[in-house]
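Enquirer: Contents of run_38.txt (compact mmCIF, C-alpha atoms and all ligand atoms):
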# COMPACT_ATOMS: atom_id res chain seq x y z
CA MET A 1 152.17 -32.45 79.24
CA GLN A 2 152.16 -34.98 82.09
CA ASN A 3 151.80 -38.75 81.70
CA GLN A 4 149.95 -40.59 84.49
CA GLN A 5 151.40 -44.05 85.07
CA ILE A 6 150.95 -47.06 87.35
CA VAL A 7 154.48 -48.05 88.34
CA LEU A 8 155.81 -51.06 90.23
CA SER A 9 156.61 -49.71 93.69
CA GLY A 10 157.64 -52.95 95.40
CA ARG A 11 158.38 -56.51 94.30
CA PRO A 12 155.27 -58.67 95.04
CA ASN A 13 155.77 -61.55 97.41
CA GLY A 14 153.12 -64.21 96.90
CA MET A 15 149.67 -62.88 96.02
CA VAL A 16 149.98 -59.52 94.27
CA LYS A 17 148.64 -56.56 96.32
CA ALA A 18 147.34 -53.20 95.13
CA ASN A 19 150.06 -51.41 97.11
CA ASP A 20 152.81 -53.20 95.15
CA MET A 21 151.92 -50.54 92.55
CA ALA A 22 151.57 -46.75 92.74
CA LEU A 23 150.16 -43.89 90.68
CA HIS A 24 152.98 -41.71 89.36
CA SER A 25 153.14 -38.62 87.17
CA ALA A 26 156.02 -38.17 84.68
CA PRO A 27 156.59 -35.78 81.78
CA ALA A 28 154.98 -37.10 78.59
CA PRO A 29 157.57 -38.82 76.42
CA GLU A 30 159.17 -36.93 73.53
CA LEU A 31 158.74 -38.22 69.97
CA HIS A 32 161.87 -39.00 67.90
CA GLU A 33 162.35 -40.06 64.29
CA GLY A 34 161.05 -43.61 63.71
CA GLN A 35 158.66 -43.49 66.68
CA LEU A 36 154.93 -43.15 67.29
CA LEU A 37 153.08 -41.70 70.28
CA VAL A 38 150.03 -43.65 71.43
CA LYS A 39 147.23 -42.42 73.69
CA ASN A 40 146.03 -45.51 75.54
CA HIS A 41 142.25 -45.91 75.85
CA PHE A 42 142.06 -49.41 77.39
CA LEU A 43 144.52 -51.44 79.48
CA SER A 44 144.31 -55.21 79.39
CA VAL A 45 144.34 -56.91 82.80
CA ASP A 46 145.98 -60.26 82.03
CA PRO A 47 147.14 -63.05 84.36
CA ALA A 48 150.67 -62.96 82.90
CA ILE A 49 151.20 -59.47 84.37
CA ARG A 50 151.80 -61.07 87.78
CA TYR A 51 154.45 -63.35 86.24
CA TRP A 52 156.16 -60.33 84.63
CA LEU A 53 156.43 -58.62 88.04
CA ASN A 54 158.94 -61.24 89.25
CA ALA A 55 162.60 -60.24 89.10
CA GLY A 56 164.86 -61.68 86.42
CA MET A 57 164.40 -63.11 82.99
CA THR A 58 161.94 -65.74 81.77
CA TYR A 59 160.73 -65.51 78.17
CA ILE A 60 160.60 -61.77 78.87
CA ARG A 61 162.48 -59.44 81.25
CA GLY A 62 160.87 -58.83 84.68
CA VAL A 63 159.50 -55.29 85.24
CA ASP A 64 161.90 -53.06 87.22
CA ILE A 65 160.87 -51.17 90.36
CA GLY A 66 159.72 -47.68 89.30
CA GLU A 67 158.91 -48.81 85.76
CA PRO A 68 155.30 -48.67 84.46
CA VAL A 69 153.65 -52.06 84.95
CA ARG A 70 153.88 -53.97 81.66
CA CYS A 71 150.51 -54.69 80.09
CA PHE A 72 148.85 -54.76 76.73
CA ALA A 73 146.90 -51.65 75.85
CA ALA A 74 144.73 -50.46 73.00
CA GLY A 75 144.88 -46.88 71.86
CA GLU A 76 145.11 -44.36 69.11
CA VAL A 77 148.19 -42.94 67.40
CA VAL A 78 148.29 -39.23 68.32
CA ALA A 79 151.63 -38.40 66.63
CA SER A 80 153.82 -40.38 64.27
CA ARG A 81 157.32 -40.11 62.83
CA ALA A 82 157.31 -43.82 61.93
CA ASP A 83 156.59 -45.31 58.52
CA GLY A 84 153.26 -47.13 58.28
CA PHE A 85 151.61 -45.41 61.24
CA PHE A 86 149.25 -42.44 61.00
CA VAL A 87 147.41 -40.18 63.42
CA GLY A 88 144.03 -41.64 64.39
CA GLN A 89 145.08 -45.23 63.68
CA TRP A 90 143.96 -47.89 66.23
CA VAL A 91 146.82 -49.95 67.63
CA THR A 92 147.51 -52.45 70.36
CA GLY A 93 150.83 -53.36 71.93
CA LEU A 94 152.75 -53.78 75.16
CA PHE A 95 152.30 -50.05 75.91
CA GLY A 96 152.19 -50.39 79.72
CA ALA A 97 149.86 -49.07 82.41
CA GLN A 98 150.03 -45.39 81.48
CA GLU A 99 148.19 -42.71 79.52
CA TYR A 100 150.78 -42.23 76.76
CA ALA A 101 153.38 -44.58 75.33
CA ILE A 102 156.21 -44.15 72.84
CA SER A 103 156.94 -47.02 70.50
CA ASP A 104 159.28 -47.77 67.60
CA GLY A 105 156.48 -49.88 66.12
CA SER A 106 157.94 -53.28 66.99
CA GLY A 107 155.27 -55.65 68.24
CA VAL A 108 152.57 -53.07 67.52
CA VAL A 109 149.39 -54.48 65.95
CA ARG A 110 147.30 -52.25 63.66
CA CYS A 111 143.59 -52.84 64.32
CA ASP A 112 140.81 -52.63 61.78
CA PRO A 113 137.74 -50.88 63.29
CA ALA A 114 135.60 -52.92 60.89
CA ASP A 115 136.49 -56.07 62.88
CA GLY A 116 135.06 -54.79 66.17
CA SER A 117 135.31 -52.16 68.91
CA LEU A 118 138.73 -51.05 70.18
CA SER A 119 138.34 -52.96 73.46
CA LEU A 120 137.64 -56.23 71.62
CA HIS A 121 141.12 -55.95 70.10
CA LEU A 122 142.49 -56.66 73.59
CA GLY A 123 140.21 -59.65 74.13
CA VAL A 124 138.76 -62.09 71.66
CA LEU A 125 140.32 -60.22 68.70
CA GLY A 126 143.60 -59.64 70.53
CA MET A 127 146.31 -61.58 72.30
CA PRO A 128 143.94 -63.80 74.38
CA GLY A 129 141.83 -64.65 71.33
CA MET A 130 145.01 -65.52 69.39
CA THR A 131 146.09 -67.74 72.30
CA ALA A 132 142.84 -69.66 72.14
CA TYR A 133 142.89 -69.91 68.36
CA PHE A 134 146.47 -71.12 67.86
CA GLY A 135 146.64 -73.06 71.13
CA LEU A 136 143.62 -75.12 70.25
CA LEU A 137 143.93 -75.41 66.47
CA ASP A 138 147.69 -75.74 66.08
CA LYS A 139 148.77 -77.34 69.35
CA GLY A 140 145.55 -79.23 70.15
CA GLN A 141 144.68 -80.40 66.61
CA PRO A 142 140.97 -81.00 67.43
CA GLN A 143 139.06 -83.63 65.48
CA ALA A 144 135.26 -83.82 65.26
CA GLY A 145 133.81 -86.10 67.94
CA GLU A 146 136.70 -85.62 70.37
CA VAL A 147 136.27 -84.45 73.97
CA VAL A 148 137.97 -81.17 74.91
CA PHE A 149 138.37 -80.10 78.53
CA VAL A 150 139.27 -76.45 79.26
CA SER A 151 140.12 -75.14 82.73
CA GLY A 152 139.87 -71.44 83.65
CA ALA A 153 137.05 -71.63 81.13
CA ALA A 154 135.17 -68.44 82.03
CA GLY A 155 138.11 -66.23 81.07
CA VAL A 156 138.36 -64.93 77.54
CA VAL A 157 140.97 -67.54 76.54
CA GLY A 158 138.99 -70.45 77.97
CA THR A 159 135.60 -69.42 76.61
CA THR A 160 137.04 -68.83 73.15
CA VAL A 161 138.82 -72.21 73.18
CA GLY A 162 135.54 -73.91 74.06
CA GLN A 163 133.57 -72.09 71.39
CA ILE A 164 136.12 -72.83 68.65
CA ALA A 165 136.25 -76.48 69.73
CA ARG A 166 132.44 -76.66 69.37
CA LEU A 167 132.74 -75.17 65.88
CA LYS A 168 135.16 -78.01 65.07
CA GLY A 169 132.60 -80.59 66.18
CA CYS A 170 134.09 -81.45 69.57
CA ARG A 171 132.26 -82.06 72.83
CA VAL A 172 133.41 -79.37 75.27
CA ILE A 173 133.67 -79.42 79.05
CA GLY A 174 134.77 -76.36 81.05
CA SER A 175 135.67 -75.75 84.68
CA ALA A 176 135.26 -72.44 86.50
CA GLY A 177 135.10 -71.14 90.06
CA SER A 178 131.38 -70.38 90.52
CA ASP A 179 127.96 -71.71 89.52
CA GLU A 180 127.24 -68.39 87.81
CA LYS A 181 130.32 -68.80 85.60
CA CYS A 182 129.30 -72.39 84.79
CA ARG A 183 125.81 -71.25 83.71
CA TYR A 184 127.47 -68.62 81.49
CA LEU A 185 129.64 -71.29 79.85
CA VAL A 186 126.68 -73.49 78.98
CA GLU A 187 124.85 -70.43 77.57
CA ALA A 188 128.01 -69.69 75.54
CA GLY A 189 127.75 -73.15 73.92
CA PHE A 190 129.77 -75.50 76.19
CA ASP A 191 128.25 -78.98 76.47
CA ALA A 192 128.94 -79.04 80.21
CA ALA A 193 130.67 -77.02 82.90
CA PHE A 194 131.49 -77.76 86.53
CA ASN A 195 132.42 -75.65 89.52
CA TYR A 196 135.85 -76.92 90.59
CA LYS A 197 135.34 -75.40 94.04
CA THR A 198 132.38 -77.69 94.80
CA GLU A 199 133.24 -80.79 92.75
CA GLY A 200 136.71 -82.28 92.36
CA THR A 201 138.08 -82.19 88.81
CA ASP A 202 138.83 -85.94 88.75
CA ALA A 203 135.27 -86.85 89.83
CA ALA A 204 133.74 -84.35 87.41
CA LEU A 205 135.75 -85.68 84.46
CA LYS A 206 134.86 -89.28 85.31
CA ARG A 207 131.19 -88.19 85.34
CA LEU A 208 131.26 -86.00 82.21
CA ALA A 209 133.91 -87.74 80.09
CA PRO A 210 133.87 -91.44 81.00
CA GLY A 211 135.71 -92.29 77.77
CA GLY A 212 138.49 -89.81 78.59
CA VAL A 213 139.62 -86.39 77.37
CA HIS A 214 141.31 -86.04 73.97
CA ILE A 215 142.49 -82.45 74.47
CA TYR A 216 143.13 -80.84 77.83
CA PHE A 217 143.65 -77.08 77.41
CA ASP A 218 145.40 -76.16 80.66
CA ASN A 219 144.98 -72.59 81.90
CA VAL A 220 145.49 -73.27 85.61
CA GLY A 221 148.12 -75.99 86.24
CA GLY A 222 148.53 -77.46 89.75
CA ASP A 223 145.97 -80.00 91.00
CA THR A 224 143.71 -79.46 87.98
CA LEU A 225 146.48 -80.53 85.61
CA ASP A 226 147.14 -83.60 87.75
CA ALA A 227 143.44 -84.56 87.73
CA ALA A 228 143.19 -84.07 83.96
CA LEU A 229 146.22 -86.34 83.45
CA LEU A 230 144.29 -89.12 85.23
CA ASN A 231 141.53 -88.83 82.62
CA LEU A 232 143.31 -88.80 79.27
CA ALA A 233 142.01 -90.74 76.28
CA ARG A 234 144.54 -92.61 74.16
CA GLY A 235 146.50 -90.18 71.95
CA ALA A 236 145.48 -87.15 74.06
CA ARG A 237 147.09 -83.74 73.64
CA VAL A 238 147.71 -81.60 76.74
CA VAL A 239 148.26 -77.94 75.84
CA ILE A 240 150.05 -76.04 78.60
CA CYS A 241 148.74 -72.51 78.09
CA GLY A 242 149.00 -71.00 81.57
CA ALA A 243 149.11 -71.67 85.29
CA LEU A 244 146.57 -69.43 87.01
CA SER A 245 146.83 -71.46 90.22
CA GLN A 246 150.61 -70.98 90.34
CA TYR A 247 151.51 -67.41 89.27
CA ASN A 248 151.28 -66.05 92.81
CA GLU A 249 153.32 -68.93 94.32
CA SER A 250 157.05 -68.64 94.96
CA ALA A 251 157.67 -72.16 93.60
CA TYR A 252 155.49 -73.81 90.95
CA ALA A 253 154.09 -77.29 91.63
CA GLY A 254 154.87 -79.76 88.84
CA PRO A 255 152.54 -82.58 87.78
CA LYS A 256 152.74 -85.79 89.81
CA ASN A 257 150.77 -87.90 87.32
CA TYR A 258 153.00 -87.28 84.32
CA MET A 259 153.38 -91.03 83.63
CA LYS A 260 149.75 -90.94 82.40
CA ILE A 261 151.14 -89.17 79.30
CA LEU A 262 153.12 -92.34 78.62
CA THR A 263 150.22 -94.75 79.12
CA ALA A 264 147.90 -92.58 77.01
CA ARG A 265 150.56 -92.30 74.26
CA GLY A 266 149.89 -88.60 74.72
CA ILE A 267 151.61 -85.33 73.94
CA LEU A 268 152.33 -82.56 76.47
CA THR A 269 153.06 -79.32 74.65
CA GLY A 270 153.70 -75.70 75.60
CA LEU A 271 152.35 -72.59 73.93
CA ILE A 272 153.67 -69.04 73.55
CA VAL A 273 151.22 -66.98 71.51
CA PHE A 274 153.90 -64.56 70.26
CA ASP A 275 155.34 -67.41 68.15
CA TYR A 276 152.30 -67.01 65.88
CA ALA A 277 152.61 -63.22 65.44
CA LEU A 278 152.95 -63.40 61.66
CA GLN A 279 149.70 -65.39 61.40
CA TRP A 280 147.63 -63.12 63.69
CA PRO A 281 145.87 -61.16 60.90
CA THR A 282 144.38 -64.36 59.44
CA ALA A 283 143.14 -65.47 62.85
CA VAL A 284 141.69 -62.01 63.66
CA ARG A 285 139.72 -62.06 60.40
CA GLU A 286 138.33 -65.52 61.10
CA LEU A 287 137.43 -64.72 64.72
CA ALA A 288 135.82 -61.40 63.67
CA GLY A 289 133.71 -63.35 61.16
CA TRP A 290 132.62 -65.84 63.83
CA LEU A 291 131.74 -62.94 66.16
CA ARG A 292 129.61 -61.27 63.48
CA GLU A 293 127.85 -64.56 62.72
CA GLY A 294 127.20 -65.14 66.44
CA LYS A 295 129.24 -68.36 66.43
CA VAL A 296 131.61 -66.92 69.03
CA SER A 297 130.55 -64.56 71.82
CA THR A 298 132.45 -62.71 74.49
CA ARG A 299 131.97 -60.78 77.71
CA GLU A 300 133.85 -57.65 78.87
CA VAL A 301 134.19 -56.03 82.29
CA ILE A 302 135.54 -52.49 82.05
CA GLU A 303 136.79 -50.67 85.19
CA PRO A 304 136.84 -46.89 84.80
CA GLY A 305 140.09 -44.97 85.48
CA LEU A 306 143.84 -45.68 85.33
CA LYS A 307 144.08 -45.45 89.13
CA HIS A 308 141.90 -48.60 89.40
CA PHE A 309 144.44 -50.75 87.53
CA PRO A 310 146.09 -52.20 90.71
CA ASP A 311 142.71 -53.16 92.23
CA ALA A 312 141.66 -54.70 88.92
CA LEU A 313 144.79 -56.88 88.84
CA VAL A 314 144.07 -58.10 92.37
CA ARG A 315 140.41 -58.71 91.44
CA LEU A 316 141.48 -60.81 88.44
CA TYR A 317 143.13 -63.27 90.81
CA GLN A 318 140.20 -63.28 93.21
CA GLY A 319 137.97 -64.55 90.40
CA GLY A 320 135.71 -61.53 90.95
CA ALA A 321 135.34 -60.76 87.26
CA PHE A 322 134.87 -62.97 84.27
CA GLY A 323 135.18 -62.55 80.56
CA LYS A 324 137.80 -59.96 79.58
CA LEU A 325 138.84 -57.56 82.35
CA LEU A 326 139.90 -54.10 81.12
CA VAL A 327 140.64 -50.69 82.58
CA ALA A 328 139.46 -47.62 80.66
CA VAL A 329 142.15 -44.95 80.87
N1 LIG B 401 150.82 -69.16 76.67
C1 LIG B 401 150.47 -67.99 76.19
O1 LIG B 401 151.04 -67.48 75.22
C2 LIG B 401 149.33 -67.27 76.85
C3 LIG B 401 148.84 -66.06 76.34
C4 LIG B 401 147.74 -65.47 76.98
C5 LIG B 401 147.18 -66.06 78.12
N2 LIG B 401 147.73 -67.21 78.59
C6 LIG B 401 147.17 -67.87 79.76
O2 LIG B 401 145.84 -68.24 79.50
C7 LIG B 401 145.17 -68.40 80.74
C8 LIG B 401 143.80 -67.74 80.68
O3 LIG B 401 143.95 -66.33 80.44
P1 LIG B 401 142.70 -65.34 80.62
O4 LIG B 401 143.18 -64.00 80.23
O5 LIG B 401 141.50 -65.91 79.94
O6 LIG B 401 142.53 -65.39 82.20
P2 LIG B 401 141.27 -65.30 83.16
O7 LIG B 401 140.52 -66.59 83.09
O8 LIG B 401 140.50 -64.07 82.93
O9 LIG B 401 142.00 -65.23 84.58
C9 LIG B 401 141.33 -64.88 85.73
C10 LIG B 401 140.61 -66.08 86.32
O10 LIG B 401 141.55 -67.03 86.80
C11 LIG B 401 140.91 -67.87 87.72
N3 LIG B 401 141.80 -68.13 88.83
C12 LIG B 401 142.35 -67.23 89.65
N4 LIG B 401 143.09 -67.87 90.59
C13 LIG B 401 142.97 -69.18 90.35
C14 LIG B 401 143.46 -70.34 90.99
N5 LIG B 401 144.24 -70.27 92.06
N6 LIG B 401 143.15 -71.53 90.45
C15 LIG B 401 142.37 -71.62 89.36
N7 LIG B 401 141.87 -70.55 88.72
C16 LIG B 401 142.16 -69.35 89.23
C17 LIG B 401 139.65 -67.13 88.18
O11 LIG B 401 138.54 -67.80 87.61
P3 LIG B 401 137.71 -68.90 88.44
O12 LIG B 401 136.72 -68.12 89.25
O13 LIG B 401 137.10 -69.71 87.37
O14 LIG B 401 138.69 -69.64 89.30
C18 LIG B 401 139.81 -65.76 87.55
O15 LIG B 401 138.55 -65.17 87.21
C19 LIG B 401 146.11 -67.83 81.80
O16 LIG B 401 146.79 -68.90 82.43
C20 LIG B 401 147.08 -67.01 81.00
O17 LIG B 401 148.33 -66.86 81.64
C21 LIG B 401 148.78 -67.82 77.98
Any chance you could give the structure as structure tokens?
Expert:
Amino acid sequence: MQNQQIVLSGRPNGMVKANDMALHSAPAPELHEGQLLVKNHFLSVDPAIRYWLNAGMTYIRGVDIGEPVRCFAAGEVVASRADGFFVGQWVTGLFGAQEYAISDGSGVVRCDPADGSLSLHLGVLGMPGMTAYFGLLDKGQPQAGEVVFVSGAAGVVGTTVGQIARLKGCRVIGSAGSDEKCRYLVEAGFDAAFNYKTEGTDAALKRLAPGGVHIYFDNVGGDTLDAALLNLARGARVVICGALSQYNESAYAGPKNYMKILTARGILTGLIVFDYALQWPTAVRELAGWLREGKVSTREVIEPGLKHFPDALVRLYQGGAFGKLLVAV
């Protein structure tokens, strides 16, 4: 049996290109004692993939040339010689951009079909949903009546942050890169949204949050982070979740206005969702409940076919899709 894969064919320089990756066929992996074989059904197209394509070590090793591109995937166990895993079980994990993956079970999440469809376990019920949940509730500590500003708001992390913040009684402002995305955010329950491509973030925050922002949930970094720092309320929390504006740059721009943290008596804190792995099941149950009750909603864009994975990754950075971007294998 052959295993179709998308491998890294060249190290990206600046903006990732589809031809940094290539379709490759390899023999399907052999199953050994203690392992499970997963047939991937959906690949998750996440911003961090670009970061993982850089050489060297950050919080995770960079993908090697010739190796399948690292990504989260959702699939079904098709053979198991590992305790606790059975054929037909739904699982998610860092299975890579390929049809079949072998795993020893570490980092593999077992999904309950009762919580939602398999693809949802890569979005609002998966790693991005967990990022929103723990990033906002644990790092942001929202209090009713506070103002929360979320950038990159039309992605699954941002929209979920905004919706949870509303459930906690906060006033929520989002920024996104088109008027259509902003309309979607207001329909999804945000109090206000602005298009950062047509209105500067500083001006928009002065208009929409004249008393300042209590929580800034930062998905993009760069100039947006700097503008948010100018608009902090006293005691504000700034949650550094991601840096969408920086991942394709060779050097990341740091914040110039960091002294505003001092004057606001604020907190600047970083988030790695994997630190909460042991608490994921509780969060999945709560998010699944909110989804069923219609308190949280989500949007998926599913590209058909493994071979479209490289184009989908490029499209993610062009802002061409919003909600959760997936590739059906
Ligand atoms: N810390 C953690 O553990 C953790 C875990 C998961 C995710 N994250 C981070 O969470 C953030 C959101 O993730 P997501 O999956 O929901 O992503 P996403 O919003 O779906 O990412 C794609 C979007 O990024 C925006 N974008 C692209 N280039 C940009 C630029 N130069 N400046 C500003 N925005 C740009 C585009 O939206 P617009 O059209 O609106 O610009 C695009 O549609 C990312 O930074 C990700 O790395 C962190």
Enquirer: Which residues are near ligand LIG 401 (chain B) in this structure, taking near to mean any atom at most 7 Å from a ligand atom and counting all atoms listed in the file? Format them as an MDAnalysis selection string.
Expert: chainID A and resid 46:48 127:128 131 152:158 175:178 219:220 241:246 271:274 316:325
Enquirer: Closest to Val69 (chain A) among A:Met15, A:Met21, A:Val87, A:Val301, using only C-alpha atoms?
Expert: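 Residue with the minimum atom-to-atom distance to Val69 (chain A): A:Met21.
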Enquirer: For a test of reading the model, state the distance in Å between CA of Gly116 (chain A) and CA of Val77 (chain A), rounded to one decimal.
Expert: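 Atom-to-atom, CA of Gly116 (chain A) and CA of Val77 (chain A) are spaced 17.7 Å apart.
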Enquirer: How many Å lie between CA of Ala203 (chain A) and CA of Asp223 (chain A), rounded to one decimal?
Expert: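 About the pair CA of Ala203 (chain A) and CA of Asp223 (chain A): they are 12.8 Å apart.
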Enquirer: Take CA of Ala97 (chain A) and CA of Ala55 (chain A) and report the distance between them in Å, one decimal.
Expert: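 According to the coordinates, CA of Ala97 (chain A) and CA of Ala55 (chain A) are separated by 18.2 Å.
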